[in-house]
file upload-v2.cif (mmCIF, C-alpha atoms)
data_upload
#
loop_
_atom_site.label_atom_id
_atom_site.label_comp_id
_atom_site.auth_asym_id
_atom_site.auth_seq_id
_atom_site.Cartn_x
_atom_site.Cartn_y
_atom_site.Cartn_z
CA MET A 1 30.86 70.11 59.16
CA LYS A 2 30.48 66.86 61.09
CA ILE A 3 32.27 66.61 64.43
CA SER A 4 32.70 63.22 66.15
CA PHE A 5 33.84 63.04 69.76
CA TYR A 6 35.57 59.83 70.86
CA VAL A 7 35.37 59.48 74.64
CA LEU A 8 38.18 57.07 75.47
CA SER A 9 38.02 54.35 78.09
CA GLU A 10 40.95 53.95 80.49
CA SER A 11 42.41 51.14 78.37
CA LYS A 12 42.18 53.17 75.14
CA ALA A 13 43.70 56.20 76.88
CA GLN A 14 46.60 54.08 78.13
CA ASP A 15 47.32 53.08 74.52
CA PHE A 16 46.69 56.59 73.15
CA LEU A 17 49.18 56.21 70.28
CA GLY A 18 47.73 52.84 69.34
CA PHE A 19 44.22 54.30 69.29
CA ILE A 20 45.32 57.23 67.09
CA CYS A 21 46.97 54.77 64.66
CA GLN A 22 43.83 52.61 64.63
CA LEU A 23 41.50 55.59 64.07
CA THR A 24 43.81 56.94 61.35
CA GLN A 25 43.77 53.59 59.54
CA THR A 26 39.97 53.40 59.84
CA ALA A 27 39.55 56.93 58.45
CA LEU A 28 41.84 56.11 55.50
CA ASN A 29 39.95 52.88 54.79
CA LYS A 30 36.55 54.61 54.82
CA SER A 31 37.43 57.76 52.90
CA ALA A 32 39.54 58.86 49.97
CA GLN A 33 40.20 62.18 51.72
CA SER A 34 43.48 63.09 53.34
CA LEU A 35 43.72 63.18 57.12
CA LEU A 36 45.44 65.79 59.25
CA VAL A 37 46.40 64.90 62.82
CA LEU A 38 46.67 68.18 64.72
CA ILE A 39 49.28 67.87 67.49
CA GLU A 40 50.78 70.70 69.51
CA ASP A 41 52.80 68.44 71.84
CA GLU A 42 56.17 67.83 70.11
CA THR A 43 56.81 64.65 72.14
CA LEU A 44 53.45 63.20 71.08
CA LEU A 45 54.20 64.21 67.48
CA ALA A 46 57.56 62.42 67.51
CA ASN A 47 56.07 59.33 69.17
CA LEU A 48 53.17 59.20 66.69
CA ASP A 49 55.56 59.63 63.77
CA THR A 50 57.52 56.60 65.05
CA ALA A 51 54.35 54.58 65.76
CA LEU A 52 52.96 55.16 62.25
CA TRP A 53 56.25 54.04 60.67
CA ALA A 54 56.33 50.98 62.92
CA GLN A 55 53.01 49.58 61.67
CA ASP A 56 53.35 46.19 60.00
CA SER A 57 53.59 46.07 56.22
CA THR A 58 49.90 45.31 55.72
CA SER A 59 48.77 48.33 57.71
CA PHE A 60 51.59 50.80 57.06
CA ILE A 61 50.29 54.36 57.28
CA PRO A 62 52.16 56.69 54.90
CA HIS A 63 52.43 60.13 56.44
CA GLN A 64 54.32 63.40 56.42
CA CYS A 65 55.25 65.65 59.34
CA LEU A 66 54.40 69.23 58.48
CA SER A 67 56.27 70.68 61.44
CA ASP A 68 59.59 69.15 60.36
CA THR A 69 60.09 71.97 57.85
CA ASP A 70 57.14 74.32 58.17
CA ASN A 71 57.91 75.51 61.69
CA LYS A 72 61.20 76.94 60.42
CA SER A 73 59.35 79.36 58.16
CA THR A 74 58.08 82.75 59.20
CA ASP A 75 54.49 83.95 59.42
CA ASP A 76 53.62 82.02 56.25
CA GLU A 77 53.82 78.63 58.00
CA SER A 78 50.05 78.15 58.05
CA ASN A 79 49.83 79.02 54.38
CA ILE A 80 51.63 75.89 53.14
CA ALA A 81 49.19 74.60 50.55
CA THR A 82 47.79 71.09 50.70
CA SER A 83 49.03 70.65 47.13
CA GLU A 84 52.60 70.91 48.47
CA VAL A 85 52.26 67.73 50.54
CA SER A 86 52.28 64.21 49.16
CA ALA A 87 51.20 61.80 51.91
CA PRO A 88 47.58 60.87 52.69
CA VAL A 89 48.21 61.52 56.41
CA LEU A 90 49.69 64.77 57.68
CA LEU A 91 51.00 65.39 61.19
CA GLY A 92 51.44 68.92 62.41
CA ASN A 93 50.64 71.80 64.70
CA HIS A 94 48.85 73.85 62.06
CA MET A 95 46.43 73.38 59.19
CA PRO A 96 47.74 73.69 55.62
CA ALA A 97 46.10 76.21 53.31
CA ASP A 98 43.17 74.84 51.30
CA PHE A 99 42.89 71.74 53.49
CA ASN A 100 39.50 70.07 53.00
CA GLY A 101 39.98 66.56 54.40
CA ILE A 102 39.45 64.97 57.81
CA VAL A 103 41.04 66.43 60.95
CA LEU A 104 41.92 64.31 63.98
CA ASN A 105 42.37 66.90 66.73
CA THR A 106 44.57 66.00 69.71
CA THR A 107 44.91 69.62 70.88
CA THR A 108 43.04 71.50 73.58
CA ARG A 109 41.68 74.02 71.06
CA PRO A 110 38.73 73.68 68.67
CA VAL A 111 39.62 73.17 65.02
CA ASN A 112 38.10 76.55 64.18
CA ASP A 113 41.10 78.21 65.87
CA PHE A 114 43.37 76.50 63.33
CA MET A 115 41.03 77.25 60.42
CA ALA A 116 41.10 80.96 61.29
CA ALA A 117 44.91 80.98 61.05
CA THR A 118 45.08 79.64 57.49
CA ASN A 119 43.70 80.26 54.00
CA ASN A 120 40.58 78.54 52.69
CA SER A 121 40.68 75.50 54.96
CA LYS A 122 37.33 73.77 55.24
CA PRO A 123 37.67 70.31 56.78
CA SER A 124 34.87 67.92 55.90
CA ARG A 125 34.97 66.16 59.24
CA VAL A 126 36.64 66.51 62.63
CA LEU A 127 37.50 63.69 65.04
CA GLU A 128 37.98 64.87 68.63
CA LEU A 129 39.65 62.65 71.24
CA ILE A 130 38.61 62.95 74.88
CA ARG A 131 40.72 61.17 77.52
CA PRO A 132 39.10 59.96 80.75
CA ASP A 133 40.56 62.64 83.02
CA ALA A 134 39.00 65.81 84.40
CA THR A 135 41.10 68.23 82.31
CA SER A 136 40.46 66.48 78.99
CA THR A 137 36.76 66.08 79.82
CA GLN A 138 36.41 69.81 80.54
CA GLU A 139 38.32 70.74 77.36
CA GLY A 140 36.00 68.40 75.44
CA ARG A 141 32.94 70.10 76.92
CA ASN A 142 34.32 73.51 75.95
CA LYS A 143 34.93 72.33 72.37
CA TYR A 144 31.49 70.72 72.21
CA LYS A 145 29.84 74.01 73.23
CA ALA A 146 31.93 75.99 70.72
CA TYR A 147 31.01 73.62 67.88
CA GLN A 148 27.36 73.53 68.97
CA GLN A 149 27.16 77.34 68.83
CA LEU A 150 28.47 77.19 65.24
CA GLY A 151 25.71 74.76 64.30
CA TYR A 152 27.93 71.77 63.46
CA ASP A 153 26.58 68.21 63.34
CA LEU A 154 27.83 66.63 66.59
CA THR A 155 28.06 62.96 67.53
CA HIS A 156 29.92 61.11 70.26
CA PHE A 157 31.15 57.58 70.77
CA LYS A 158 32.37 55.84 73.90
CA VAL A 159 35.34 53.65 72.99
#
call {"tool": "encode", "arguments": {"input": "upload-v2.cif", "output": "structure tokens"}}
result
Amino acid sequence: MKISFYVLSESKAQDFLGFICQLTQTALNKSAQSLLVLIEDETLLANLDTALWAQDSTSFIPHQCLSDTDNKSTDDESNIATSEVSAPVLLGNHMPADFNGIVLNTTTRPVNDFMAATNNSKPSRVLELIRPDATSTQEGRNKYKAYQQLGYDLTHFKV
């Protein structure tokens, strides 16, 4: 699995939602795979949902919020199959079963934690966002070490 770390500048971090929308659009343009934005912060999820709908008509990003209905289920919430979703971009706090697309991870945990909680998920690529603050930088280092120990292909970009 290929993992790309995006180390955000102050200006990109200040427009965090805008950067996520931009990166989502870029990923959709460069790949036919679906994209999952992992978000554990409900406020960020709601704001991103609004931001994606607010894109102009030429760059509208069709998406579906998994947590709108899936969080109401019981222990089977992480077993919602990818075949049960219809949008190319998914927003949620868990990984659907059988997911094999691109993951944009905004959480503090490595994607492997989410993979372990679901059935047959094998993302092809992971995009990690690192904000320019001490906490996010340390979380990024922890994720980098975890991915490195698993032998993943790691790259990083300063944006």
call {"tool": "atom_distance", "arguments": {"input": "upload-v2.cif", "atom1": "atom CA of A:Glu42", "atom2": "atom CA of A:Glu128"}}
result
18.5 Å
call {"tool": "resolve_selection", "arguments": {"input": "upload-v2.cif", "expression": "the PyMOL selection byres ((chain A and resi 4) around 9)", "output": "list in words"}}
result
Lys2, Ile3, Phe5, Tyr6, Arg125, Val126, Leu127, Glu128, Leu129, Asp153, Leu154, Thr155, His156 and Phe157 of chain A
call {"tool": "closest_residue", "arguments": {"input": "upload-v2.cif", "among": "A:Leu8, A:Cys21, A:Leu90, A:Ala27", "to": "A:Ala54", "atoms": "all atoms listed in the file"}}
result
A:Cys21
call {"tool": "resolve_selection", "arguments": {"input": "upload-v2.cif", "expression": "the PyMOL selection byres ((chain A and resi 133) around 12)", "output": "PyMOL selection string"}}
result
chain A and resi 7-10+13-14+129-132+134-140
call {"tool": "resolve_selection", "arguments": {"input": "upload-v2.cif", "expression": "the PyMOL selection byres ((chain A and resi 25) around 10)", "output": "list in words"}}
result
Phe19, Ile20, Cys21, Gln22, Leu23, Thr24, Thr26, Ala27, Leu28, Asn29, Lys30, Leu35, Leu52, Ser59, Phe60, Ile61 and Val89 of chain A
call {"tool": "residues_around", "arguments": {"input": "upload-v2.cif", "residues": "stretch 101-107 of chain A", "least_positions_apart": "2", "cutoff": "8 Å", "atoms": "only C-alpha atoms", "output": "ChimeraX atom specification"}}
result
/A:33-40,99,109-111,122-129
call {"tool": "closest_residue", "arguments": {"input": "upload-v2.cif", "among": "A:Cys65, A:Lys158, A:Ala117, A:Thr108", "to": "A:Arg141", "atoms": "only C-alpha atoms"}}
result
A:Thr108
call {"tool": "residues_around", "arguments": {"input": "upload-v2.cif", "residues": "A:Leu48", "least_positions_apart": "5", "cutoff": "9 Å", "atoms": "only C-alpha atoms", "output": "short mmCIF file (atom, residue, chain, number, x, y, z; two decimals) with C-alpha atoms, in the frame of the given file"}}
result
data_model
loop_
_atom_site.label_atom_id
_atom_site.label_comp_id
_atom_site.auth_asym_id
_atom_site.auth_seq_id
_atom_site.Cartn_x
_atom_site.Cartn_y
_atom_site.Cartn_z
CA LEU A 17 49.18 56.21 70.28
CA GLY A 18 47.73 52.84 69.34
CA ILE A 20 45.32 57.23 67.09
CA CYS A 21 46.97 54.77 64.66
CA THR A 43 56.81 64.65 72.14
CA TRP A 53 56.25 54.04 60.67
CA LEU A 91 51.00 65.39 61.19
#
call {"tool": "atom_distance", "arguments": {"input": "upload-v2.cif", "atom1": "atom CA of A:Gln148", "atom2": "atom CA of A:Asn119"}}
result
23.2 Å
call {"tool": "closest_residue", "arguments": {"input": "upload-v2.cif", "among": "A:Ala51, A:Leu150, A:Asp41, A:Thr118", "to": "A:Asp15", "atoms": "all atoms listed in the file"}}
result
A:Ala51
call {"tool": "atom_distance", "arguments": {"input": "upload-v2.cif", "atom1": "atom CA of A:Leu66", "atom2": "atom CA of A:Gly92"}}
result
4.9 Å
